[in-house]
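Just target.cif here, mmCIF, C-alpha atoms:
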```cif
data_input
loop_
_atom_site.label_atom_id
_atom_site.label_comp_id
_atom_site.auth_asym_id
_atom_site.auth_seq_id
_atom_site.Cartn_x
_atom_site.Cartn_y
_atom_site.Cartn_z
CA MET A 56 0.00 0.00 0.00
CA LEU A 57 1.44 3.34 -1.05
CA VAL A 58 1.61 6.02 1.63
CA ILE A 59 0.80 9.48 0.25
CA ALA A 60 1.23 12.45 2.57
CA HIS A 61 -1.88 14.64 2.44
CA ARG A 62 -0.66 18.20 1.72
CA GLY A 63 2.82 17.04 2.71
CA PHE A 64 3.85 16.14 6.26
CA HIS A 65 2.63 19.14 8.25
CA ALA A 66 2.94 18.11 11.89
CA ALA A 67 5.40 20.94 12.55
CA VAL A 68 5.19 23.16 9.45
CA PRO A 69 2.32 24.68 7.41
CA GLU A 70 0.57 22.33 4.99
CA ASN A 71 1.10 22.57 1.23
CA THR A 72 4.49 24.24 1.63
CA LEU A 73 7.90 23.23 0.36
CA ALA A 74 8.85 22.56 4.00
CA ALA A 75 5.91 20.16 4.36
CA PHE A 76 6.84 18.42 1.12
CA GLU A 77 10.47 18.11 2.19
CA ALA A 78 9.40 16.69 5.55
CA ALA A 79 7.29 14.09 3.75
CA VAL A 80 10.17 13.08 1.50
CA THR A 81 12.47 12.81 4.52
CA LEU A 82 9.88 10.60 6.22
CA GLY A 83 10.12 8.18 3.32
CA VAL A 84 6.55 8.35 2.02
CA ASN A 85 5.76 7.13 -1.48
CA GLY A 86 3.96 10.26 -2.59
CA ILE A 87 2.55 13.68 -1.81
CA GLU A 88 -0.97 14.99 -2.37
CA THR A 89 -1.46 18.70 -2.96
CA ASP A 90 -4.22 21.09 -4.10
CA VAL A 91 -4.11 23.59 -6.95
CA ARG A 92 -6.03 26.86 -7.18
CA ILE A 93 -5.45 29.93 -9.34
CA SER A 94 -4.54 33.28 -7.78
CA ARG A 95 -5.83 36.58 -9.14
CA ASP A 96 -2.53 37.14 -10.95
CA GLY A 97 -2.88 33.81 -12.75
CA LEU A 98 -0.51 31.54 -10.82
CA PRO A 99 -1.24 27.88 -9.95
CA VAL A 100 -0.83 28.15 -6.18
CA LEU A 101 -0.84 25.14 -3.87
CA ILE A 102 -3.53 25.86 -1.31
CA HIS A 103 -6.51 23.84 -0.13
CA ASN A 104 -9.12 26.29 1.09
CA ARG A 105 -11.22 28.34 -1.32
CA VAL A 106 -11.43 31.13 1.29
CA ILE A 107 -8.47 31.83 3.59
CA ALA A 108 -8.28 33.18 7.13
CA SER A 109 -8.90 36.79 6.10
CA GLY A 110 -12.28 35.83 4.68
CA GLN A 111 -11.06 36.49 1.13
CA ALA A 112 -11.18 34.02 -1.72
CA VAL A 113 -7.89 32.78 -3.16
CA ALA A 114 -9.14 33.73 -6.62
CA ASP A 115 -9.50 37.37 -5.50
CA LEU A 116 -5.94 37.70 -4.20
CA THR A 117 -2.55 37.83 -5.85
CA HIS A 118 0.11 35.31 -4.93
CA ASP A 119 1.91 37.90 -2.81
CA GLU A 120 -1.30 38.88 -1.01
CA ILE A 121 -2.05 35.23 -0.18
CA GLU A 122 1.42 34.85 1.33
CA GLN A 123 0.97 38.03 3.36
CA VAL A 124 -2.31 36.78 4.83
CA LEU A 125 -1.05 33.27 5.58
CA GLY A 126 2.31 34.41 6.88
CA HIS A 127 4.37 31.89 4.94
CA LYS A 128 5.55 31.09 1.44
CA VAL A 129 2.95 29.48 -0.83
CA PRO A 130 4.57 27.45 -3.60
CA THR A 131 3.34 27.27 -7.14
CA LEU A 132 2.77 23.95 -8.88
CA ASP A 133 5.90 24.47 -10.98
CA GLU A 134 8.07 25.09 -7.92
CA ALA A 135 6.91 21.94 -6.15
CA LEU A 136 7.36 19.69 -9.16
CA GLU A 137 10.80 21.13 -9.86
CA CYS A 138 11.96 20.77 -6.26
CA PHE A 139 10.81 17.18 -5.74
CA PRO A 140 10.96 15.30 -9.05
CA GLY A 141 11.54 11.84 -7.61
CA ILE A 142 8.28 11.27 -5.77
CA LEU A 143 4.75 10.41 -6.84
CA TRP A 144 2.60 13.55 -6.98
CA ASN A 145 -1.17 13.45 -6.55
CA ILE A 146 -2.36 16.78 -7.94
CA GLU A 147 -5.94 17.63 -6.99
CA ILE A 148 -7.49 20.28 -9.24
CA LYS A 149 -10.00 22.25 -7.21
CA THR A 150 -11.82 24.24 -9.88
CA ALA A 151 -12.63 24.03 -13.57
CA GLN A 152 -11.23 27.54 -13.97
CA ALA A 153 -7.79 26.18 -13.06
CA LEU A 154 -7.84 23.58 -15.80
CA PRO A 155 -6.17 25.34 -18.78
CA LEU A 156 -3.30 26.70 -16.73
CA VAL A 157 -2.72 23.50 -14.76
CA ILE A 158 -2.75 21.37 -17.90
CA GLY A 159 -0.16 23.70 -19.41
CA VAL A 160 2.09 23.22 -16.39
CA LEU A 161 1.61 19.46 -16.17
CA LYS A 162 2.46 18.94 -19.82
CA LYS A 163 5.98 20.12 -19.03
CA TYR A 164 6.38 17.31 -16.51
CA GLN A 165 4.82 14.37 -18.37
CA VAL A 166 8.25 12.87 -18.93
CA GLY A 167 10.35 12.14 -15.88
CA HIS A 168 7.67 12.70 -13.24
CA ARG A 169 5.09 10.34 -11.74
CA ILE A 170 1.84 12.28 -11.48
CA LEU A 171 -1.72 11.31 -10.66
CA VAL A 172 -4.32 14.00 -11.41
CA THR A 173 -7.56 13.88 -9.42
CA SER A 174 -10.64 16.00 -8.82
CA PHE A 175 -14.13 15.86 -7.36
CA ARG A 176 -15.07 17.49 -10.68
CA HIS A 177 -15.22 14.38 -12.84
CA ASP A 178 -15.65 16.49 -15.96
CA VAL A 179 -12.28 18.05 -15.13
CA VAL A 180 -10.75 14.59 -14.76
CA ALA A 181 -12.11 13.62 -18.19
CA VAL A 182 -10.49 16.66 -19.82
CA CYS A 183 -7.17 15.87 -18.14
CA ALA A 184 -7.37 12.24 -19.28
CA SER A 185 -7.85 13.40 -22.87
CA SER A 186 -5.13 16.08 -22.71
CA LEU A 187 -2.33 14.57 -20.63
CA GLU A 188 -0.21 11.45 -20.76
CA MET A 189 -0.54 10.60 -17.08
CA ASP A 190 -2.81 8.70 -14.73
CA CYS A 191 -6.08 10.32 -13.68
CA GLY A 192 -8.48 9.49 -10.88
CA LEU A 193 -12.00 10.21 -9.68
CA LEU A 194 -12.34 11.60 -6.18
CA VAL A 195 -15.48 10.13 -4.62
CA ALA A 196 -17.20 11.34 -1.43
CA HIS A 197 -20.43 9.35 -1.80
CA ARG A 198 -21.26 5.67 -2.04
CA PRO A 199 -22.62 5.23 -5.58
CA GLN A 200 -25.56 2.91 -6.16
CA THR A 201 -23.36 0.86 -8.49
CA LEU A 202 -19.83 1.07 -9.79
CA ALA A 203 -21.24 1.29 -13.30
CA SER A 204 -23.16 4.44 -12.43
CA LEU A 205 -19.97 6.06 -11.13
CA LEU A 206 -18.01 5.15 -14.24
CA ALA A 207 -20.74 5.73 -16.82
CA ASP A 208 -19.02 8.73 -18.42
CA CYS A 209 -15.45 7.42 -18.12
CA GLU A 210 -15.47 4.18 -20.10
CA ASP A 211 -13.78 5.73 -23.13
CA ASN A 212 -10.94 7.27 -21.10
CA PRO A 213 -8.35 4.56 -20.34
CA ARG A 214 -6.19 7.07 -18.48
CA ILE A 215 -8.89 7.33 -15.81
CA ASP A 216 -7.55 4.34 -13.94
CA HIS A 217 -7.80 5.36 -10.25
CA ILE A 218 -10.72 5.79 -7.89
CA VAL A 219 -10.00 7.76 -4.72
CA TRP A 220 -12.60 6.91 -2.08
CA ASP A 221 -13.50 8.73 1.13
CA TYR A 222 -12.72 6.38 4.01
CA ASN A 223 -16.23 6.95 5.38
CA ILE A 224 -17.92 5.31 2.40
CA LEU A 225 -15.62 2.36 1.76
CA ASP A 226 -17.50 -0.65 0.44
CA GLU A 227 -15.61 -3.90 0.03
CA VAL A 228 -17.83 -5.07 -2.83
CA LEU A 229 -17.24 -1.88 -4.83
CA LEU A 230 -13.51 -2.05 -4.11
CA GLN A 231 -13.34 -5.59 -5.43
CA GLN A 232 -15.37 -4.70 -8.51
CA ALA A 233 -13.15 -1.70 -9.25
CA ALA A 234 -9.98 -3.76 -8.85
CA ALA A 235 -11.39 -6.48 -11.11
CA ASP A 236 -12.11 -3.82 -13.74
CA GLY A 237 -8.48 -2.69 -13.65
CA PHE A 238 -8.80 0.37 -11.42
CA ARG A 239 -6.41 1.18 -8.60
CA ASN A 240 -8.23 1.96 -5.36
CA PHE A 241 -6.90 4.83 -3.25
CA VAL A 242 -8.46 6.09 -0.01
CA TYR A 243 -8.32 9.45 1.72
CA GLY A 244 -9.23 10.31 5.28
CA PRO A 245 -8.20 7.46 7.61
CA VAL A 246 -7.25 8.79 11.04
CA THR A 247 -6.39 6.00 13.48
CA GLN A 248 -3.82 3.26 13.09
CA ALA A 249 -6.67 0.74 13.04
CA GLU A 250 -8.23 2.58 10.08
CA HIS A 251 -4.93 2.57 8.22
CA ARG A 252 -4.56 -1.15 8.96
CA ASN A 253 -8.09 -1.71 7.68
CA CYS A 254 -7.12 -0.06 4.40
CA GLN A 255 -4.22 -2.44 4.08
CA GLU A 256 -6.39 -5.46 4.88
CA LEU A 257 -8.90 -4.36 2.24
CA GLY A 258 -6.14 -4.41 -0.37
CA ILE A 259 -6.15 -0.64 -0.92
CA ASP A 260 -3.44 0.40 -3.37
CA GLY A 261 -2.70 3.78 -1.79
CA VAL A 262 -3.73 5.79 1.24
CA ILE A 263 -3.77 9.60 1.28
CA THR A 264 -3.25 10.52 4.89
CA ASP A 265 -2.50 13.29 7.35
CA TYR A 266 -0.85 10.63 9.52
CA PRO A 267 1.81 8.95 7.40
CA LEU A 268 3.59 7.56 10.45
CA LEU A 269 0.46 5.58 11.36
CA ALA A 270 0.18 4.35 7.78
CA GLN A 271 3.79 3.25 7.73
CA GLY A 272 3.19 1.32 10.95
CA ALA A 273 0.00 -0.31 9.74
#
```
Written as structure tokens, how would this file's structure read?
Amino acid sequence: MLVIAHRGFHAAVPENTLAAFEAAVTLGVNGIETDVRISRDGLPVLIHNRVIASGQAVADLTHDEIEQVLGHKVPTLDEALECFPGILWNIEIKTAQALPLVIGVLKKYQVGHRILVTSFRHDVVAVCASSLEMDCGLLVAHRPQTLASLLADCEDNPRIDHIVWDYNILDEVLLQQAAADGFRNFVYGPVTQAEHRNCQELGIDGVITDYPLLAQGA
């Protein structure tokens, strides 16, 4: 089971920063998950929240203004990929508006980098699968009625080969069906060591976690 540090390893440093990514690499994780949004001055910044502590939306602030509010450096997608080329990157695209710019950046790293692109916007995932030569995955926060209903619009996109499930809605039958159909099952959101161990026992391919030490000990 791959261990993917959710927004880097941020026990002692801010999440989604180069320091958090470096800490994750030092810890020996297999990969790093991070989130991409677009600042007002058109940069692909790595930040999770749509609205930051000041009550302002990321999209309404420049890169410099975001850093001033947060009080720390906020890397761009290019900076992170350049600094840590040897690790698996799970890039979550937060908005459809980010798509053209993010695709432009990712195309530069198709060779020599291991990248998995995911989104809760499955239409965004479909565009990425058609535009990029890298793995793509569907982020899923609900338990679909059937696996077929989840995948209905993705059958013609062979690069959509991952499903990233919320731990809360894990269903062993769906996991087995997805694996049998050739998908890799990833999970986000386990908290306790028992939950990480459960992921391993279920045959999960990768776990996206805020607690990589627990995952490594599972």
Give as JSON, numbers by chain the residues that the PyMOL selection byres ((chain A and resi 79-85) around 6) matches when applied to the coordinates above. {"A": [57, 58, 59, 63, 64, 76, 77, 78, 86]}
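Taken over the shown file, the PyMOL selection byres ((chain A and resi 128) around 12) identifies A:Val68, A:Pro69, A:Glu70, A:Asn71, A:Thr72, A:Leu73, A:Ala74, A:Ala75, A:Val100, A:Leu101, A:Ile102, A:His118, A:Asp119, A:Glu120, A:Ile121, A:Glu122, A:Gln123, A:Val124, A:Leu125, A:Gly126, A:His127, A:Val129, A:Pro130, A:Thr131, A:Glu134, A:Ala135.
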Å distance separating atom CA of A:Ala184 from atom CA of A:Arg92, one decimal place: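 Straight-line distance from atom CA of A:Ala184 to atom CA of A:Arg92 works out to 19.0 Å.
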With distances taken over only C-alpha atoms, which residue among A:Ala114, A:Leu187, A:Ile259, A:Ala249 lies nearest A:Gly272?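 Smallest distance to A:Gly272 is found for A:Ala249.
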Selection dump of the PyMOL selection byres ((chain A and resi 241) around 12), as an MDAnalysis selection string: chainID A and resid 56:59 88 145 171 173 191:195 216:222 225 230 233:234 238:240 242:245 251 254:255 257:264
Hey, can you pull every residue with an atom no more than 7 Å from (-4.2, 17.5, -9.1), using only C-alpha atoms, and send it as a VMD selection string? chain A and resid 89 to 91 145 to 148 171 to 174
Quick one, how far is atom CA of A:Ile93 from atom CA of A:Pro267?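 According to the coordinates, atom CA of A:Ile93 and atom CA of A:Pro267 are separated by 27.8 Å.
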Residues near A:Leu161, anyone? I mean within 9 Å using all atoms listed in the file, not counting same-chain ones fewer than 6 positions away, as a PyMOL selection string. chain A and resi 132-133+170+187
When you draw a straight line from atom CA of A:Leu98 to atom CA of A:Val157, how long is it in Å?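 Those two atoms sit 9.2 Å apart.
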Out of A:Ile87, A:Val166, A:Ala108, A:Ala181, which residue has the shortest atom-to-atom distance to A:Ile215 when counting all atoms listed in the file? A:Ala181
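Residue nearest A:Pro155, chosen from A:Cys209, A:Val113, A:Val179, A:Asp226 and counting all atoms listed in the file: A:Val179.
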Nearest-residue call for A:Ala273, choices A:Pro99, A:Glu256, A:Gln248, A:His197, using only C-alpha atoms: A:Gln248
One residue among A:Asn104, A:Ile142, A:Val182, A:Leu202 is nearest to A:Ile158 when using all atoms listed in the file, and that residue is A:Val182
Which residue, A:Ala270, A:Ile224, A:Ala235, A:Val106, has the smallest gap to A:Ala196 when you use only C-alpha atoms?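 The shortest atom-to-atom distance to A:Ala196 comes from A:Ile224.
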